[in-house]
Amino acid sequence: MNTEPVLVRRNGAVTTISLNRPHVRNAVDLTTARALADAFRAFDADPEAAVAVLHGEGGTFCAGADLKAISDGNGNRVAADGDGPMGVSRMRLSKPVIAAISGHAVAGGLELALWADLRVADESAVFGVFCRRWGVPLIDGGTVRLPRLIGTSRAMDMILTGRAVDAAEAHHIGLANRVVPVGGALAAAEELAAQLARFPQTCMRHDRMAVLEQEGLDESAALAVEFGHGTVSLAAGAVTGAARFASGAGRHGLGTGSA
């Protein structure tokens with residue numbers, strides 16, 4: 001049995017990165033946070049890797065920071081610069097990440113799920129700011145990403161009450177992008193990742209980055225950001241792709257479109 005806190009495996013262009021501390025419901029200590037950050041840096045630097053899946057072994061996505069590790073001297077790093085306490089929360093990758101969520105994604109685990117670009121949850125998934133009851137703050141992007149994702153009113157409800165949000169409600173409010181049967185989150189997320197990996201990567205990555213970089217800008221500045229990324233995609237072969245579509249390619253199922 002592999003006892004490394006973070007596992008990495010590759011299947012073609014899809015990289016699956018898994019928290020591997022099921023005995024503590026995949027709570028993240030300092031060692032795990034560092035390993036998680038290192039794994040995602042390696043993924044982002046790998047020219048053969050296109051999409052990553054973030055997963056938790058043993059039926060739980062992540063219960064947050066390992067509070068018990070603090071007393072053992074292995075508490076999470078807390079500093080204004082560098083990596084966040086959960087390791088990856090301040091990183092902006094150049095490629096998409098999909099969270100495959102089974103069981104609890106709470107406290108810092110919720111923040112890891114919010115850091116991902118998409119969330120595939122199975123019907124056992126539970127989201128929540130469970131750290132509310134212990135006086136532990138959201139410090140890995142939760143107060144930033146949650147309201148941007150689901151709106152201030154719904155985010156404030158979750159943040160102030162610390163209540164549990166099941167998979168059905170998470171899907172209804174836009175916190176989960178897909179809901180699948182229990183036990184199916186990882187397979188569904190990897191299938192979705194493989195689908196994204198088949199698209200022309202330059203265009204997809206620059207469209208993604210345009211979405212991320214327009215946050216907080218006025219319309220004219222945001223449009224300028226979009227145009228800058230779009231010109232990179234045009235130079236990388238968008239005209240060729242449009243010609244292929246015009247000739248009849250990609251008109252059935254995925255890939256259908258006019259641009």
# chains A, B, ... in the order shown; residues from 1 in each chain; ligands from 1

$ residues_around --residues "Pro85 (chain A)" --least-positions-apart "3" --cutoff "10 Å" --atoms "only C-alpha atoms" --output "list in words"
Val28, Asp29, Leu30, Ala33, Arg34, Ala65, Gly75, Asn76, Arg77, Val78, Ala79, Ala80, Gly82, Val88, Ser89, Arg90, Gly108, Ile139 and Asp140 of chain A

$ write_last_selection --atoms "N, CA and C atoms" --output "mmCIF file, in the first residue's frame"
data_model
loop_
_atom_site.group_PDB
_atom_site.id
_atom_site.type_symbol
_atom_site.label_atom_id
_atom_site.label_comp_id
_atom_site.auth_asym_id
_atom_site.auth_seq_id
_atom_site.Cartn_x
_atom_site.Cartn_y
_atom_site.Cartn_z
ATOM 1 N N VAL A 28 -5.167 17.877 5.225
ATOM 2 C CA VAL A 28 -3.883 18.303 4.657
ATOM 3 C C VAL A 28 -2.998 18.913 5.744
ATOM 4 N N ASP A 29 -1.831 18.306 5.955
ATOM 5 C CA ASP A 29 -0.819 18.882 6.833
ATOM 6 C C ASP A 29 0.254 19.560 5.986
ATOM 7 N N LEU A 30 1.315 20.006 6.634
ATOM 8 C CA LEU A 30 2.356 20.742 5.917
ATOM 9 C C LEU A 30 3.003 19.890 4.831
ATOM 10 N N ALA A 33 0.551 19.457 1.922
ATOM 11 C CA ALA A 33 0.390 20.697 1.166
ATOM 12 C C ALA A 33 1.563 20.917 0.224
ATOM 13 N N ARG A 34 2.767 20.651 0.709
ATOM 14 C CA ARG A 34 3.948 20.819 -0.143
ATOM 15 C C ARG A 34 3.942 19.822 -1.294
ATOM 16 N N ALA A 65 -7.754 21.368 6.506
ATOM 17 C CA ALA A 65 -6.429 21.323 7.114
ATOM 18 C C ALA A 65 -6.430 20.322 8.266
ATOM 19 N N GLY A 75 2.055 21.700 11.269
ATOM 20 C CA GLY A 75 0.907 22.492 10.864
ATOM 21 C C GLY A 75 1.129 23.190 9.542
ATOM 22 N N ASN A 76 0.052 23.569 8.903
ATOM 23 C CA ASN A 76 0.125 24.175 7.580
ATOM 24 C C ASN A 76 0.866 25.512 7.610
ATOM 25 N N ARG A 77 1.533 25.800 6.510
ATOM 26 C CA ARG A 77 2.264 27.057 6.364
ATOM 27 C C ARG A 77 1.270 28.209 6.298
ATOM 28 N N VAL A 78 1.480 29.237 7.104
ATOM 29 C CA VAL A 78 0.622 30.421 7.096
ATOM 30 C C VAL A 78 1.509 31.642 6.915
ATOM 31 N N ALA A 79 1.540 32.157 5.705
ATOM 32 C CA ALA A 79 2.351 33.328 5.384
ATOM 33 C C ALA A 79 1.669 34.075 4.240
ATOM 34 N N ALA A 80 1.918 35.371 4.154
ATOM 35 C CA ALA A 80 1.248 36.191 3.151
ATOM 36 C C ALA A 80 1.767 35.950 1.740
ATOM 37 N N GLY A 82 4.073 33.283 -1.104
ATOM 38 C CA GLY A 82 4.328 31.879 -1.385
ATOM 39 C C GLY A 82 3.059 31.042 -1.395
ATOM 40 N N VAL A 88 -1.924 24.652 -2.837
ATOM 41 C CA VAL A 88 -2.129 25.105 -4.221
ATOM 42 C C VAL A 88 -3.030 26.324 -4.350
ATOM 43 N N SER A 89 -3.602 26.792 -3.265
ATOM 44 C CA SER A 89 -4.724 27.734 -3.354
ATOM 45 C C SER A 89 -4.364 29.082 -3.964
ATOM 46 N N ARG A 90 -3.083 29.442 -4.011
ATOM 47 C CA ARG A 90 -2.678 30.714 -4.633
ATOM 48 C C ARG A 90 -2.096 30.519 -6.021
ATOM 49 N N GLY A 108 -11.067 23.658 4.410
ATOM 50 C CA GLY A 108 -10.043 23.796 3.386
ATOM 51 C C GLY A 108 -10.256 22.876 2.208
ATOM 52 N N ILE A 139 -8.991 30.742 4.537
ATOM 53 C CA ILE A 139 -7.763 31.473 4.253
ATOM 54 C C ILE A 139 -7.091 30.962 2.984
ATOM 55 N N ASP A 140 -7.816 30.076 2.260
ATOM 56 C CA ASP A 140 -7.313 29.527 1.001
ATOM 57 C C ASP A 140 -8.245 29.860 -0.159
#

$ residues_around --residues "Ala39 (chain A)" --least-positions-apart "5" --cutoff "9 Å" --atoms "only C-alpha atoms" --output "PDB file with all heavy atoms, in the first residue's frame"
ATOM      1  N   VAL A   6       0.452  12.172  -1.343  1.00  0.00           N
ATOM      2  CA  VAL A   6      -0.119  12.584  -2.624  1.00  0.00           C
ATOM      3  C   VAL A   6       0.333  11.591  -3.688  1.00  0.00           C
ATOM      4  O   VAL A   6       1.530  11.296  -3.796  1.00  0.00           O
ATOM      5  CB  VAL A   6       0.317  14.019  -3.007  1.00  0.00           C
ATOM      6  CG1 VAL A   6      -0.148  14.373  -4.414  1.00  0.00           C
ATOM      7  CG2 VAL A   6      -0.227  15.027  -1.994  1.00  0.00           C
ATOM      8  N   LEU A   7      -0.625  11.075  -4.441  1.00  0.00           N
ATOM      9  CA  LEU A   7      -0.337  10.121  -5.507  1.00  0.00           C
ATOM     10  C   LEU A   7      -0.556  10.787  -6.854  1.00  0.00           C
ATOM     11  O   LEU A   7      -1.487  11.591  -7.011  1.00  0.00           O
ATOM     12  CB  LEU A   7      -1.250   8.896  -5.391  1.00  0.00           C
ATOM     13  CG  LEU A   7      -1.253   8.159  -4.054  1.00  0.00           C
ATOM     14  CD1 LEU A   7      -2.242   6.994  -4.101  1.00  0.00           C
ATOM     15  CD2 LEU A   7       0.144   7.664  -3.703  1.00  0.00           C
ATOM     16  N   VAL A   8       0.266  10.451  -7.824  1.00  0.00           N
ATOM     17  CA  VAL A   8       0.148  11.010  -9.175  1.00  0.00           C
ATOM     18  C   VAL A   8       0.186   9.860 -10.173  1.00  0.00           C
ATOM     19  O   VAL A   8       1.061   8.993 -10.098  1.00  0.00           O
ATOM     20  CB  VAL A   8       1.295  11.991  -9.484  1.00  0.00           C
ATOM     21  CG1 VAL A   8       1.144  12.555 -10.902  1.00  0.00           C
ATOM     22  CG2 VAL A   8       1.334  13.121  -8.455  1.00  0.00           C
ATOM     23  N   ILE A  17      -4.235  13.513  -9.706  1.00  0.00           N
ATOM     24  CA  ILE A  17      -3.479  13.810  -8.486  1.00  0.00           C
ATOM     25  C   ILE A  17      -4.408  13.583  -7.305  1.00  0.00           C
ATOM     26  O   ILE A  17      -5.473  14.208  -7.207  1.00  0.00           O
ATOM     27  CB  ILE A  17      -2.945  15.252  -8.517  1.00  0.00           C
ATOM     28  CG1 ILE A  17      -1.987  15.424  -9.716  1.00  0.00           C
ATOM     29  CG2 ILE A  17      -2.256  15.605  -7.204  1.00  0.00           C
ATOM     30  CD1 ILE A  17      -1.540  16.854  -9.953  1.00  0.00           C
ATOM     31  N   ARG A  34       2.767  20.651   0.709  1.00  0.00           N
ATOM     32  CA  ARG A  34       3.948  20.819  -0.143  1.00  0.00           C
ATOM     33  C   ARG A  34       3.942  19.822  -1.294  1.00  0.00           C
ATOM     34  O   ARG A  34       4.253  20.170  -2.441  1.00  0.00           O
ATOM     35  CB  ARG A  34       5.213  20.644   0.699  1.00  0.00           C
ATOM     36  CG  ARG A  34       5.497  21.824   1.625  1.00  0.00           C
ATOM     37  CD  ARG A  34       6.679  21.526   2.532  1.00  0.00           C
ATOM     38  NE  ARG A  34       7.068  22.718   3.308  1.00  0.00           N
ATOM     39  CZ  ARG A  34       7.915  22.680   4.335  1.00  0.00           C
ATOM     40  NH1 ARG A  34       8.477  21.526   4.697  1.00  0.00           N
ATOM     41  NH2 ARG A  34       8.218  23.791   4.990  1.00  0.00           N
ATOM     42  N   ASP A  44       1.766  21.289 -14.490  1.00  0.00           N
ATOM     43  CA  ASP A  44       1.677  22.485 -15.322  1.00  0.00           C
ATOM     44  C   ASP A  44       2.889  22.621 -16.226  1.00  0.00           C
ATOM     45  O   ASP A  44       2.787  23.162 -17.329  1.00  0.00           O
ATOM     46  CB  ASP A  44       1.534  23.717 -14.438  1.00  0.00           C
ATOM     47  CG  ASP A  44       0.775  24.846 -15.120  1.00  0.00           C
ATOM     48  OD1 ASP A  44      -0.213  24.570 -15.821  1.00  0.00           O
ATOM     49  OD2 ASP A  44       1.171  26.019 -14.950  1.00  0.00           O
TER      50      ASP A  44
END

$ closest_atom_pairs --of "region 51-80 of chain A" --to "region 114-122 of chain A" --cutoff "12 Å" --atoms "only C-alpha atoms" --output "CSV"
residue,atom,partner,partner_atom,distance
A:Val51,CA,A:Asp117,CA,10.4
A:Ala52,CA,A:Ala116,CA,9.4
A:Val53,CA,A:Ala116,CA,8.8
A:Leu54,CA,A:Ala116,CA,8.0
A:His55,CA,A:Val120,CA,10.1
A:Gly56,CA,A:Ala121,CA,11.8
A:Gly59,CA,A:Asp122,CA,10.2
A:Thr60,CA,A:Asp122,CA,10.8
A:Phe61,CA,A:Ala121,CA,9.7

$ residues_around --residues "Ala168 (chain A)" --least-positions-apart "3" --cutoff "10 Å" --atoms "only C-alpha atoms" --output "PyMOL selection string"
chain A and resi 121-126+165+171-173+175-176+178-179

$ closest_atom_pairs --of "region 141-209 of chain A" --to "region 219-240 of chain A" --cutoff "10 Å" --atoms "only C-alpha atoms" --output "tab-separated table"
residue	atom	partner	partner_atom	distance
A:Pro200	CA	A:Ala238	CA	8.9
A:Gln201	CA	A:Ser233	CA	9.2
A:Thr202	CA	A:Ser233	CA	6.0
A:Cys203	CA	A:Ser233	CA	4.8
A:Met204	CA	A:Ser233	CA	8.5
A:Arg205	CA	A:Ser233	CA	9.0
A:His206	CA	A:His229	CA	5.3
A:Asp207	CA	A:His229	CA	6.8
A:Arg208	CA	A:His229	CA	9.4
A:Met209	CA	A:His229	CA	7.7

$ write_last_selection --atoms "C-alpha atoms" --output "compact mmCIF listing (two decimals), in the first residue's frame"
# COMPACT_ATOMS: atom_id res chain seq x y z
CA PRO A 200 -7.14 22.32 -29.58
CA GLN A 201 -5.21 23.23 -26.45
CA THR A 202 -3.93 26.72 -27.20
CA CYS A 203 -7.40 28.08 -27.83
CA MET A 204 -8.98 26.35 -24.83
CA ARG A 205 -6.25 27.48 -22.45
CA HIS A 206 -6.36 31.08 -23.61
CA ASP A 207 -10.17 31.24 -23.43
CA ARG A 208 -9.89 29.86 -19.88
CA MET A 209 -7.25 32.42 -18.96

$ closest_residue --among "A:Ala193, A:Ala13, A:Leu212, A:Ile150" --to "Glu169 (chain A)" --atoms "only C-alpha atoms"
A:Ile150

$ select_by_dssp --residues "region 73-243 of chain A" --states "alpha helix (DSSP H)" --output "ChimeraX atom specification"
/A:108-115,142-150,152-161,167-173,185-197,201-213,219-233,239-243

$ closest_atom_pairs --of "region 84-130 of chain A" --to "region 153-160 of chain A" --cutoff "10 Å" --atoms "only C-alpha atoms" --output "CSV"
residue,atom,partner,partner_atom,distance
A:Ala107,CA,A:Ile159,CA,9.8
A:Phe127,CA,A:Met158,CA,9.1
A:Gly128,CA,A:Met158,CA,6.6
A:Val129,CA,A:Ile159,CA,5.8
A:Phe130,CA,A:Ile159,CA,8.9

$ write_last_selection --atoms "C-alpha atoms" --output "mmCIF file, in the first residue's frame"
data_model
loop_
_atom_site.group_PDB
_atom_site.id
_atom_site.type_symbol
_atom_site.label_atom_id
_atom_site.label_comp_id
_atom_site.auth_asym_id
_atom_site.auth_seq_id
_atom_site.Cartn_x
_atom_site.Cartn_y
_atom_site.Cartn_z
ATOM 1 C CA ALA A 107 -13.386 23.725 5.212
ATOM 2 C CA PHE A 127 -19.801 20.677 0.874
ATOM 3 C CA GLY A 128 -19.531 23.100 3.770
ATOM 4 C CA VAL A 129 -17.595 25.648 5.774
ATOM 5 C CA PHE A 130 -17.350 23.221 8.686
#

$ residues_around --residues "Gly87 (chain A)" --least-positions-apart "4" --cutoff "8 Å" --atoms "only C-alpha atoms" --output "PDB file with N, CA, C and O atoms, in the first residue's frame"
ATOM      1  N   THR A  32       1.795  17.314   3.248  1.00  0.00           N
ATOM      2  CA  THR A  32       0.839  17.058   2.160  1.00  0.00           C
ATOM      3  C   THR A  32       0.648  18.297   1.301  1.00  0.00           C
ATOM      4  O   THR A  32       0.586  18.205   0.066  1.00  0.00           O
ATOM      5  N   ALA A  33       0.551  19.457   1.922  1.00  0.00           N
ATOM      6  CA  ALA A  33       0.390  20.697   1.166  1.00  0.00           C
ATOM      7  C   ALA A  33       1.563  20.917   0.224  1.00  0.00           C
ATOM      8  O   ALA A  33       1.383  21.308  -0.938  1.00  0.00           O
ATOM      9  N   ARG A  34       2.767  20.651   0.709  1.00  0.00           N
ATOM     10  CA  ARG A  34       3.948  20.819  -0.143  1.00  0.00           C
ATOM     11  C   ARG A  34       3.942  19.822  -1.294  1.00  0.00           C
ATOM     12  O   ARG A  34       4.253  20.170  -2.441  1.00  0.00           O
ATOM     13  N   ALA A  35       3.582  18.576  -0.986  1.00  0.00           N
ATOM     14  CA  ALA A  35       3.545  17.548  -2.030  1.00  0.00           C
ATOM     15  C   ALA A  35       2.475  17.862  -3.067  1.00  0.00           C
ATOM     16  O   ALA A  35       2.675  17.635  -4.275  1.00  0.00           O
ATOM     17  N   LEU A  36       1.341  18.386  -2.619  1.00  0.00           N
ATOM     18  CA  LEU A  36       0.264  18.738  -3.546  1.00  0.00           C
ATOM     19  C   LEU A  36       0.708  19.863  -4.477  1.00  0.00           C
ATOM     20  O   LEU A  36       0.495  19.801  -5.700  1.00  0.00           O
ATOM     21  N   ALA A  37       1.325  20.887  -3.911  1.00  0.00           N
ATOM     22  CA  ALA A  37       1.815  22.002  -4.729  1.00  0.00           C
ATOM     23  C   ALA A  37       2.873  21.529  -5.724  1.00  0.00           C
ATOM     24  O   ALA A  37       2.859  21.920  -6.898  1.00  0.00           O
ATOM     25  N   ASP A  83       3.213  29.751  -1.192  1.00  0.00           N
ATOM     26  CA  ASP A  83       2.071  28.850  -1.233  1.00  0.00           C
ATOM     27  C   ASP A  83       1.110  29.101  -0.075  1.00  0.00           C
ATOM     28  O   ASP A  83       1.523  29.500   1.024  1.00  0.00           O
TER      29      ASP A  83
END

$ residues_around --residues "Asn26 (chain A)" --least-positions-apart "5" --cutoff "6 Å" --atoms "only C-alpha atoms" --output "mmCIF file with N, CA and C atoms, in the first residue's frame"
data_model
loop_
_atom_site.group_PDB
_atom_site.id
_atom_site.type_symbol
_atom_site.label_atom_id
_atom_site.label_comp_id
_atom_site.auth_asym_id
_atom_site.auth_seq_id
_atom_site.Cartn_x
_atom_site.Cartn_y
_atom_site.Cartn_z
ATOM 1 N N LEU A 19 -5.125 13.047 -3.097
ATOM 2 C CA LEU A 19 -4.774 13.095 -1.684
ATOM 3 C C LEU A 19 -4.875 11.680 -1.136
ATOM 4 N N ARG A 21 -4.507 10.344 2.285
ATOM 5 C CA ARG A 21 -4.488 10.245 3.746
ATOM 6 C C ARG A 21 -5.887 9.858 4.240
ATOM 7 N N CYS A 62 -11.733 15.817 0.811
ATOM 8 C CA CYS A 62 -10.783 16.438 1.734
ATOM 9 C C CYS A 62 -11.548 17.096 2.872
#

$ select_by_dssp --residues "region 6-252 of chain A" --states "strand (DSSP E or B)" --output "PyMOL selection string"
chain A and resi 6-11+14-19+28+51-56+62+65+97-101+104-106+118-122+126-128+165-166+178-180

$ write_last_selection --atoms "C-alpha atoms" --output "CSV table (one decimal), in the first residue's frame"
chain,number,residue,atom,x,y,z
A,6,VAL,CA,-0.1,12.6,-2.6
A,7,LEU,CA,-0.3,10.1,-5.5
A,8,VAL,CA,0.1,11.0,-9.2
A,9,ARG,CA,-0.7,8.9,-12.2
A,10,ARG,CA,-0.9,9.6,-15.9
A,11,ASN,CA,-3.2,8.2,-18.5
A,14,VAL,CA,-4.8,13.3,-18.2
A,15,THR,CA,-3.0,13.5,-14.9
A,16,THR,CA,-4.8,12.4,-11.7
A,17,ILE,CA,-3.5,13.8,-8.5
A,18,SER,CA,-4.9,12.2,-5.4
A,19,LEU,CA,-4.8,13.1,-1.7
A,28,VAL,CA,-3.9,18.3,4.7
A,51,VAL,CA,-5.8,18.4,-17.9
A,52,ALA,CA,-5.6,17.4,-14.3
A,53,VAL,CA,-8.1,15.7,-12.0
A,54,LEU,CA,-7.9,16.3,-8.2
A,55,HIS,CA,-9.2,13.5,-6.1
A,56,GLY,CA,-9.3,12.1,-2.6
A,62,CYS,CA,-10.8,16.4,1.7
A,65,ALA,CA,-6.4,21.3,7.1
A,97,VAL,CA,-8.1,21.2,-13.2
A,98,ILE,CA,-11.3,19.1,-12.5
A,99,ALA,CA,-12.1,18.2,-8.9
A,100,ALA,CA,-13.6,14.7,-8.5
A,101,ILE,CA,-15.6,14.9,-5.3
A,104,HIS,CA,-16.8,15.5,2.3
A,105,ALA,CA,-15.3,18.6,0.7
A,106,VAL,CA,-15.4,20.9,3.7
A,118,LEU,CA,-14.8,22.3,-12.7
A,119,ARG,CA,-16.3,20.1,-10.0
A,120,VAL,CA,-17.7,16.6,-10.6
A,121,ALA,CA,-19.5,15.3,-7.5
A,122,ASP,CA,-21.1,12.0,-6.8
A,126,VAL,CA,-21.1,17.1,1.1
A,127,PHE,CA,-19.8,20.7,0.9
A,128,GLY,CA,-19.5,23.1,3.8
A,165,VAL,CA,-24.7,21.4,1.4
A,166,ASP,CA,-25.5,18.1,-0.3
A,178,ARG,CA,-22.0,17.5,-12.7
A,179,VAL,CA,-23.5,15.0,-10.2
A,180,VAL,CA,-23.1,11.3,-10.8

$ atom_distance --atom1 "CA of Asp66 (chain A)" --atom2 "CA of Ala27 (chain A)"
4.8 Å

$ atom_distance --atom1 "CA of Arg92 (chain A)" --atom2 "CA of Lys68 (chain A)"
28.8 Å

$ closest_residue --among "A:Ser94, A:Thr31, A:Ala194, A:Ala49" --to "Gly73 (chain A)" --atoms "only C-alpha atoms"
A:Thr31
